[in-house]
>>> print(open('query_32.pdb').read())   # PDB, C-alpha atoms, pLDDT in the B column
ATOM      1  CA  PRO M   1       0.000   0.000   0.000  1.00 91.00           C
ATOM      2  CA  THR M   2       2.967   2.412   0.377  1.00 96.00           C
ATOM      3  CA  LEU M   3       4.698   1.640  -2.953  1.00 97.00           C
ATOM      4  CA  GLU M   4       5.134   4.861  -4.955  1.00 98.00           C
ATOM      5  CA  VAL M   5       7.364   3.873  -7.915  1.00 97.00           C
ATOM      6  CA  LEU M   6       7.145   0.614  -9.873  1.00 93.00           C
ATOM      7  CA  GLU M   7       9.599  -0.181 -12.666  1.00 92.00           C
ATOM      8  CA  VAL M   8       9.256  -3.431 -14.602  1.00 86.00           C
ATOM      9  CA  LEU M   9      12.429  -4.287 -16.529  1.00 84.00           C
ATOM     10  CA  GLY M  10      12.782  -6.974 -19.168  1.00 72.00           C
ATOM     11  CA  GLN M  11       9.560  -8.784 -18.428  1.00 64.00           C
ATOM     12  CA  ALA M  12       6.448  -9.500 -20.454  1.00 63.00           C
ATOM     13  CA  VAL M  13       3.506  -7.497 -19.140  1.00 64.00           C
ATOM     14  CA  THR M  14       0.108  -9.058 -18.560  1.00 64.00           C
ATOM     15  CA  PHE M  15      -2.707  -7.637 -16.471  1.00 60.00           C
ATOM     16  CA  VAL M  16      -5.153 -10.190 -15.137  1.00 56.00           C
ATOM     17  CA  ASP M  17      -8.764  -9.702 -16.168  1.00 55.00           C
ATOM     18  CA  ARG M  18     -10.279  -7.046 -13.906  1.00 54.00           C
ATOM     19  CA  ASP M  19     -13.009  -9.418 -12.691  1.00 57.00           C
ATOM     20  CA  GLN M  20     -10.344 -11.660 -11.172  1.00 55.00           C
ATOM     21  CA  ASN M  21      -7.957  -9.017  -9.898  1.00 63.00           C
ATOM     22  CA  ASN M  22      -8.696  -6.726  -6.968  1.00 77.00           C
ATOM     23  CA  VAL M  23      -5.104  -5.572  -6.417  1.00 84.00           C
ATOM     24  CA  VAL M  24      -4.784  -1.814  -5.969  1.00 91.00           C
ATOM     25  CA  PHE M  25      -1.636   0.264  -5.409  1.00 94.00           C
ATOM     26  CA  PRO M  26      -3.175   3.324  -3.705  1.00 96.00           C
ATOM     27  CA  ALA M  27       0.063   5.323  -3.336  1.00 98.00           C
ATOM     28  CA  LEU M  28       1.689   4.543  -6.708  1.00 97.00           C
ATOM     29  CA  ARG M  29       2.835   7.729  -8.483  1.00 98.00           C
ATOM     30  CA  SER M  30       4.945   6.334 -11.362  1.00 98.00           C
ATOM     31  CA  PHE M  31       4.692   3.143 -13.442  1.00 95.00           C
ATOM     32  CA  GLU M  32       7.365   2.277 -16.019  1.00 92.00           C
ATOM     33  CA  VAL M  33       7.837  -0.784 -18.199  1.00 88.00           C
ATOM     34  CA  VAL M  34      11.092  -1.228 -20.126  1.00 85.00           C
ATOM     35  CA  SER M  35      11.199  -4.382 -22.221  1.00 74.00           C
ATOM     36  CA  SER M  36      11.992  -5.512 -25.743  1.00 62.00           C
ATOM     37  CA  SER M  37       9.189  -8.076 -25.701  1.00 61.00           C
ATOM     38  CA  GLN M  38       5.659  -7.940 -26.995  1.00 59.00           C
ATOM     39  CA  PHE M  39       2.860  -7.480 -24.478  1.00 61.00           C
ATOM     40  CA  ASP M  40      -0.752  -8.350 -23.983  1.00 61.00           C
ATOM     41  CA  TRP M  41      -2.784  -5.199 -24.339  1.00 69.00           C
ATOM     42  CA  ILE M  42      -3.257  -3.096 -21.209  1.00 73.00           C
ATOM     43  CA  TRP M  43      -6.626  -1.429 -20.846  1.00 84.00           C
ATOM     44  CA  ALA M  44      -6.591   2.086 -19.416  1.00 90.00           C
ATOM     45  CA  GLU M  45      -9.515   1.350 -17.103  1.00 91.00           C
ATOM     46  CA  ASP M  46      -7.453  -1.412 -15.458  1.00 87.00           C
ATOM     47  CA  MET M  47      -4.538   0.945 -14.878  1.00 90.00           C
ATOM     48  CA  VAL M  48      -6.747   3.712 -13.514  1.00 94.00           C
ATOM     49  CA  ARG M  49      -8.326   1.206 -11.123  1.00 91.00           C
ATOM     50  CA  MET M  50      -4.999  -0.310 -10.049  1.00 91.00           C
ATOM     51  CA  PHE M  51      -3.066   2.981  -9.849  1.00 95.00           C
ATOM     52  CA  PRO M  52      -5.648   5.596  -8.790  1.00 96.00           C
ATOM     53  CA  ALA M  53      -3.046   8.112  -7.517  1.00 98.00           C
ATOM     54  CA  LEU M  54      -0.780   7.978 -10.592  1.00 98.00           C
ATOM     55  CA  ASN M  55       0.447  11.485 -11.381  1.00 98.00           C
ATOM     56  CA  GLY M  56       4.164  11.083 -12.188  1.00 98.00           C
ATOM     57  CA  THR M  57       5.538   8.970 -15.026  1.00 97.00           C
ATOM     58  CA  LEU M  58       3.641   6.482 -17.189  1.00 96.00           C
ATOM     59  CA  ALA M  59       6.152   4.843 -19.526  1.00 94.00           C
ATOM     60  CA  PHE M  60       6.110   1.895 -21.919  1.00 88.00           C
ATOM     61  CA  GLU M  61       9.562   1.798 -23.505  1.00 84.00           C
ATOM     62  CA  GLY M  62      10.776  -0.757 -26.028  1.00 74.00           C
ATOM     63  CA  LEU M  63       7.481  -2.620 -26.088  1.00 64.00           C
ATOM     64  CA  TYR M  64       5.718  -3.665 -29.215  1.00 60.00           C
ATOM     65  CA  HIS M  65       2.156  -4.837 -29.589  1.00 57.00           C
ATOM     66  CA  PRO M  66       1.595  -7.636 -32.114  1.00 54.00           C
ATOM     67  CA  PHE M  67      -2.030  -6.786 -32.878  1.00 57.00           C
ATOM     68  CA  GLN M  68      -3.194  -4.115 -35.298  1.00 61.00           C
ATOM     69  CA  ASP M  69      -5.951  -1.677 -34.376  1.00 64.00           C
ATOM     70  CA  GLY M  70      -7.063  -0.622 -37.824  1.00 62.00           C
ATOM     71  CA  ASP M  71     -10.531   0.493 -36.736  1.00 66.00           C
ATOM     72  CA  GLY M  72      -9.280   2.205 -33.582  1.00 81.00           C
ATOM     73  CA  ARG M  73     -11.325  -0.110 -31.342  1.00 85.00           C
ATOM     74  CA  ILE M  74      -8.708  -0.271 -28.588  1.00 86.00           C
ATOM     75  CA  ARG M  75      -8.157   3.478 -28.542  1.00 89.00           C
ATOM     76  CA  LYS M  76     -11.896   4.211 -28.564  1.00 91.00           C
ATOM     77  CA  ARG M  77     -12.517   1.858 -25.656  1.00 92.00           C
ATOM     78  CA  ASN M  78      -9.673   3.339 -23.610  1.00 93.00           C
ATOM     79  CA  TRP M  79     -10.802   6.889 -24.371  1.00 93.00           C
ATOM     80  CA  ALA M  80     -14.438   6.125 -23.452  1.00 95.00           C
ATOM     81  CA  SER M  81     -13.471   4.518 -20.153  1.00 94.00           C
ATOM     82  CA  GLN M  82     -11.371   7.538 -19.184  1.00 95.00           C
ATOM     83  CA  LEU M  83     -14.263   9.898 -19.832  1.00 93.00           C
ATOM     84  CA  GLN M  84     -15.884   8.122 -16.890  1.00 94.00           C
ATOM     85  CA  LYS M  85     -12.807   7.990 -14.647  1.00 95.00           C
ATOM     86  CA  THR M  86      -9.171   8.882 -15.201  1.00 95.00           C
ATOM     87  CA  TRP M  87      -6.181  10.503 -13.519  1.00 97.00           C
ATOM     88  CA  ASN M  88      -6.166  14.221 -12.741  1.00 96.00           C
ATOM     89  CA  SER M  89      -2.946  14.676 -14.742  1.00 96.00           C
ATOM     90  CA  LEU M  90       0.341  12.960 -15.583  1.00 98.00           C
ATOM     91  CA  ASP M  91       3.734  14.617 -15.376  1.00 98.00           C
ATOM     92  CA  ARG M  92       5.412  12.462 -18.036  1.00 98.00           C
ATOM     93  CA  VAL M  93       4.248   9.937 -20.626  1.00 97.00           C
ATOM     94  CA  ILE M  94       6.818   7.968 -22.624  1.00 96.00           C
ATOM     95  CA  GLY M  95       6.204   5.452 -25.394  1.00 93.00           C
ATOM     96  CA  ASP M  96       6.027   4.504 -29.020  1.00 91.00           C
ATOM     97  CA  VAL M  97       3.361   6.270 -31.102  1.00 91.00           C
ATOM     98  CA  ASP M  98       1.438   3.012 -31.460  1.00 88.00           C
ATOM     99  CA  VAL M  99       1.323   2.367 -27.709  1.00 88.00           C
ATOM    100  CA  VAL M 100       0.486   5.945 -26.673  1.00 93.00           C
ATOM    101  CA  ASP M 101      -2.192   6.160 -29.362  1.00 92.00           C
ATOM    102  CA  LYS M 102      -3.879   2.984 -28.111  1.00 89.00           C
ATOM    103  CA  LEU M 103      -3.817   4.298 -24.519  1.00 91.00           C
ATOM    104  CA  GLY M 104      -6.226   7.037 -25.603  1.00 93.00           C
ATOM    105  CA  LEU M 105      -5.213   9.329 -22.750  1.00 94.00           C
ATOM    106  CA  ALA M 106      -7.888  11.782 -21.666  1.00 93.00           C
ATOM    107  CA  CYS M 107      -6.026  13.607 -18.885  1.00 94.00           C
ATOM    108  CA  PRO M 108      -3.569  16.528 -19.172  1.00 93.00           C
ATOM    109  CA  VAL M 109       0.072  15.518 -19.754  1.00 96.00           C
ATOM    110  CA  ARG M 110       2.929  17.920 -19.035  1.00 97.00           C
ATOM    111  CA  HIS M 111       5.833  16.140 -20.760  1.00 98.00           C
ATOM    112  CA  LEU M 112       5.070  13.829 -23.699  1.00 98.00           C
ATOM    113  CA  MET M 113       7.888  11.769 -25.243  1.00 97.00           C
ATOM    114  CA  LEU M 114       6.962   9.978 -28.491  1.00 96.00           C
ATOM    115  CA  ASP M 115       9.141   7.430 -30.296  1.00 92.00           C
ATOM    116  CA  GLY M 116       8.478   5.985 -33.733  1.00 88.00           C
ATOM    117  CA  VAL M 117       7.239   9.186 -35.350  1.00 91.00           C
ATOM    118  CA  CYS M 118       7.370   8.750 -39.142  1.00 86.00           C
ATOM    119  CA  LYS M 119       5.399   9.410 -42.294  1.00 83.00           C
ATOM    120  CA  HIS M 120       3.190   6.372 -41.650  1.00 84.00           C
ATOM    121  CA  SER M 121       2.343   7.313 -38.061  1.00 88.00           C
ATOM    122  CA  LYS M 122       1.677  11.024 -38.679  1.00 90.00           C
ATOM    123  CA  ASP M 123      -2.125  10.762 -38.407  1.00 90.00           C
ATOM    124  CA  ARG M 124      -1.847   8.976 -35.059  1.00 92.00           C
ATOM    125  CA  VAL M 125       0.643  11.572 -33.789  1.00 94.00           C
ATOM    126  CA  ARG M 126      -1.793  14.350 -34.711  1.00 93.00           C
ATOM    127  CA  ASP M 127      -4.613  12.503 -32.955  1.00 92.00           C
ATOM    128  CA  ILE M 128      -2.540  12.059 -29.786  1.00 94.00           C
ATOM    129  CA  LEU M 129      -1.559  15.739 -29.731  1.00 94.00           C
ATOM    130  CA  HIS M 130      -5.114  16.857 -30.487  1.00 91.00           C
ATOM    131  CA  HIS M 131      -6.484  15.069 -27.419  1.00 90.00           C
ATOM    132  CA  THR M 132      -3.433  15.460 -25.157  1.00 90.00           C
ATOM    133  CA  PRO M 133      -1.613  18.714 -25.951  1.00 91.00           C
ATOM    134  CA  PRO M 134       1.522  18.794 -23.724  1.00 96.00           C
ATOM    135  CA  THR M 135       3.606  21.712 -22.501  1.00 96.00           C
ATOM    136  CA  HIS M 136       6.838  19.775 -23.185  1.00 97.00           C
ATOM    137  CA  LEU M 137       7.079  17.596 -26.301  1.00 96.00           C
ATOM    138  CA  LYS M 138       9.935  15.352 -27.423  1.00 96.00           C
ATOM    139  CA  MET M 139       9.615  13.449 -30.715  1.00 95.00           C
ATOM    140  CA  SER M 140      12.018  10.879 -32.145  1.00 92.00           C
ATOM    141  CA  ILE M 141      11.417  11.105 -35.884  1.00 89.00           C
ATOM    142  CA  ASP M 142      12.382   8.433 -38.406  1.00 85.00           C
ATOM    143  CA  LEU M 143      13.105  10.039 -41.785  1.00 79.00           C
ATOM    144  CA  SER M 144      13.526   6.720 -43.597  1.00 74.00           C
ATOM    145  CA  HIS M 145      10.117   6.862 -45.273  1.00 69.00           C
ATOM    146  CA  GLY M 146      10.414  10.397 -46.567  1.00 67.00           C
ATOM    147  CA  VAL M 147      11.167  13.920 -45.393  1.00 70.00           C
ATOM    148  CA  HIS M 148       7.651  15.326 -45.643  1.00 73.00           C
ATOM    149  CA  ILE M 149       6.827  14.201 -42.114  1.00 79.00           C
ATOM    150  CA  PHE M 150       6.633  17.835 -40.940  1.00 79.00           C
ATOM    151  CA  ASP M 151       3.834  18.891 -43.270  1.00 79.00           C
ATOM    152  CA  GLY M 152       0.906  19.412 -40.907  1.00 83.00           C
ATOM    153  CA  LEU M 153       2.424  17.248 -38.170  1.00 87.00           C
ATOM    154  CA  LEU M 154       1.461  19.490 -35.239  1.00 88.00           C
ATOM    155  CA  PRO M 155      -2.239  20.388 -34.915  1.00 89.00           C
ATOM    156  CA  GLN M 156      -3.135  23.964 -34.036  1.00 88.00           C
ATOM    157  CA  GLU M 157      -4.357  22.914 -30.581  1.00 88.00           C
ATOM    158  CA  VAL M 158      -0.754  22.234 -29.560  1.00 90.00           C
ATOM    159  CA  PHE M 159       0.680  25.721 -30.008  1.00 89.00           C
ATOM    160  CA  PRO M 160      -1.074  27.711 -27.237  1.00 90.00           C
ATOM    161  CA  ARG M 161       0.107  25.200 -24.621  1.00 92.00           C
ATOM    162  CA  LEU M 162       3.518  24.112 -25.938  1.00 93.00           C
ATOM    163  CA  THR M 163       6.539  25.755 -24.276  1.00 95.00           C
ATOM    164  CA  HIS M 164       9.360  23.260 -25.002  1.00 94.00           C
ATOM    165  CA  LEU M 165      10.014  21.170 -28.129  1.00 92.00           C
ATOM    166  CA  VAL M 166      12.820  18.643 -28.661  1.00 93.00           C
ATOM    167  CA  VAL M 167      13.130  16.838 -31.997  1.00 89.00           C
ATOM    168  CA  MET M 168      15.494  13.918 -32.608  1.00 90.00           C
ATOM    169  CA  PHE M 169      16.114  12.605 -36.137  1.00 84.00           C
ATOM    170  CA  SER M 170      17.129   9.116 -37.202  1.00 81.00           C
ATOM    171  CA  PHE M 171      17.585   7.562 -40.617  1.00 73.00           C
ATOM    172  CA  CYS M 172      18.102   3.990 -41.796  1.00 69.00           C
ATOM    173  CA  ASP M 173      18.727   3.146 -45.438  1.00 61.00           C
ATOM    174  CA  TYR M 174      15.642   1.180 -46.408  1.00 56.00           C
ATOM    175  CA  SER M 175      16.218   1.813 -50.115  1.00 54.00           C
ATOM    176  CA  SER M 176      16.234  -1.897 -50.876  1.00 52.00           C
ATOM    177  CA  ILE M 177      12.722  -2.342 -49.479  1.00 51.00           C
ATOM    178  CA  ILE M 178      11.102   1.032 -50.194  1.00 51.00           C
ATOM    179  CA  ILE M 179       8.459   0.518 -52.847  1.00 51.00           C
ATOM    180  CA  ASN M 180       7.441   4.153 -53.245  1.00 59.00           C
ATOM    181  CA  ASP M 181       9.810   5.782 -55.754  1.00 57.00           C
ATOM    182  CA  ASP M 182       8.891   9.263 -54.499  1.00 59.00           C
ATOM    183  CA  ASP M 183      10.070   8.395 -50.978  1.00 59.00           C
ATOM    184  CA  LEU M 184      13.339   7.034 -52.322  1.00 57.00           C
ATOM    185  CA  ALA M 185      13.922  10.104 -54.502  1.00 60.00           C
ATOM    186  CA  ASP M 186      13.189  12.390 -51.538  1.00 60.00           C
ATOM    187  CA  MET M 187      15.758  10.659 -49.358  1.00 59.00           C
ATOM    188  CA  GLN M 188      18.422  10.567 -52.075  1.00 59.00           C
ATOM    189  CA  THR M 189      18.162  14.329 -52.610  1.00 61.00           C
ATOM    190  CA  ALA M 190      17.477  15.453 -49.022  1.00 60.00           C
ATOM    191  CA  GLN M 191      19.684  18.269 -47.745  1.00 62.00           C
ATOM    192  CA  TRP M 192      19.990  18.989 -44.019  1.00 60.00           C
ATOM    193  CA  PRO M 193      19.697  22.801 -44.254  1.00 63.00           C
ATOM    194  CA  ALA M 194      16.479  22.568 -46.267  1.00 61.00           C
ATOM    195  CA  LEU M 195      15.163  19.849 -43.964  1.00 61.00           C
ATOM    196  CA  LEU M 196      15.789  21.903 -40.830  1.00 62.00           C
ATOM    197  CA  VAL M 197      14.239  25.017 -42.356  1.00 58.00           C
ATOM    198  CA  GLY M 198      11.177  22.956 -43.306  1.00 59.00           C
ATOM    199  CA  ALA M 199      10.920  21.590 -39.778  1.00 57.00           C
ATOM    200  CA  ILE M 200      11.082  25.062 -38.242  1.00 58.00           C
ATOM    201  CA  GLU M 201       8.552  26.529 -40.685  1.00 60.00           C
ATOM    202  CA  SER M 202       6.149  23.654 -40.081  1.00 56.00           C
TER     203      SER M 202
END
>>> encode(input="query_32.pdb", output="structure tokens")
Amino acid sequence: PTLEVLEVLGQAVTFVDRDQNNVVFPALRSFEVVSSSQFDWIWAEDMVRMFPALNGTLAFEGLYHPFQDGDGRIRKRNWASQLQKTWNSLDRVIGDVDVVDKLGLACPVRHLMLDGVCKHSKDRVRDILHHTPPTHLKMSIDLSHGVHIFDGLLPQEVFPRLTHLVVMFSFCDYSSIIINDDDLADMQTAQWPALLVGAIES
């Protein structure tokens, strides 16, 4: 009952069905999972019930979820449950775009750290920022699928609240597997000065 920080390292994460699990950590402020394994999906309503006082860090680093959510069912369910009951606010949320998107957070977040930002995840990034505009935003952006990631990346709702922005770039040469010729041409002709100017103007 007095535990305030819980870090799970290198383990698979599974929450027992809520009907069979009455465990509550009433004093827990921060919950962090760091693992390179896949995980069974975690429903937000389970976390809110288990960690009612959470207001520090909520982090899922290095995890990947094997199931697709093409229709947004997981996100919609998590969002709906948090409209009924959620945390007052979170100081820091860390995770891959896919994981944070599925969490469907409905509470204010001060510091949001998103990994896996790329051309293919841009719509989900915009959705996350639309519903959870942070004051501090860090994005790790993969340029491998094209440099036009910045076009319309940040929704207008972000700007009145945002005070700090950190952007990290990465690039892997996927030229052997890129099917889109436009993406390949963009990467072959990309120039850092133009890219940075585009990022600032966006």
>>> resolve_selection(input="query_32.pdb", expression="the PyMOL selection byres ((chain M and resi 28) around 10)", output="tab-separated table (two decimals) with C-alpha atoms, keeping the file's coordinate frame")
chain	number	residue	atom	x	y	z
M	1	PRO	CA	0.00	0.00	0.00
M	2	THR	CA	2.97	2.41	0.38
M	3	LEU	CA	4.70	1.64	-2.95
M	4	GLU	CA	5.13	4.86	-4.96
M	5	VAL	CA	7.36	3.87	-7.92
M	6	LEU	CA	7.14	0.61	-9.87
M	24	VAL	CA	-4.78	-1.81	-5.97
M	25	PHE	CA	-1.64	0.26	-5.41
M	26	PRO	CA	-3.18	3.32	-3.70
M	27	ALA	CA	0.06	5.32	-3.34
M	29	ARG	CA	2.84	7.73	-8.48
M	30	SER	CA	4.94	6.33	-11.36
M	31	PHE	CA	4.69	3.14	-13.44
M	50	MET	CA	-5.00	-0.31	-10.05
M	51	PHE	CA	-3.07	2.98	-9.85
M	52	PRO	CA	-5.65	5.60	-8.79
M	53	ALA	CA	-3.05	8.11	-7.52
M	54	LEU	CA	-0.78	7.98	-10.59
M	55	ASN	CA	0.45	11.48	-11.38
M	56	GLY	CA	4.16	11.08	-12.19
>>> closest_residue(input="query_32.pdb", among="M:Asp46, M:Glu61, M:Asp98, M:Asp115", to="Arg77 (chain M)", atoms="all atoms listed in the file")
M:Asp46
>>> atom_distance(input="query_32.pdb", atom1="CA of Asp123 (chain M)", atom2="CA of Asp151 (chain M)")
11.2 Å
>>> residues_near_point(input="query_32.pdb", point="(15.3, 8.3, -42.4)", cutoff="6 Å", atoms="all atoms listed in the file", output="ChimeraX atom specification")
/M:142-144,170-172
>>> closest_residue(input="query_32.pdb", among="M:Ile42, M:Ala59, M:Cys118, M:Met139", to="Lys102 (chain M)", atoms="only C-alpha atoms")
M:Ile42
>>> atom_distance(input="query_32.pdb", atom1="CA of Thr135 (chain M)", atom2="CA of Leu58 (chain M)")
16.1 Å
>>> atom_distance(input="query_32.pdb", atom1="CA of His164 (chain M)", atom2="CA of Val100 (chain M)")
19.5 Å
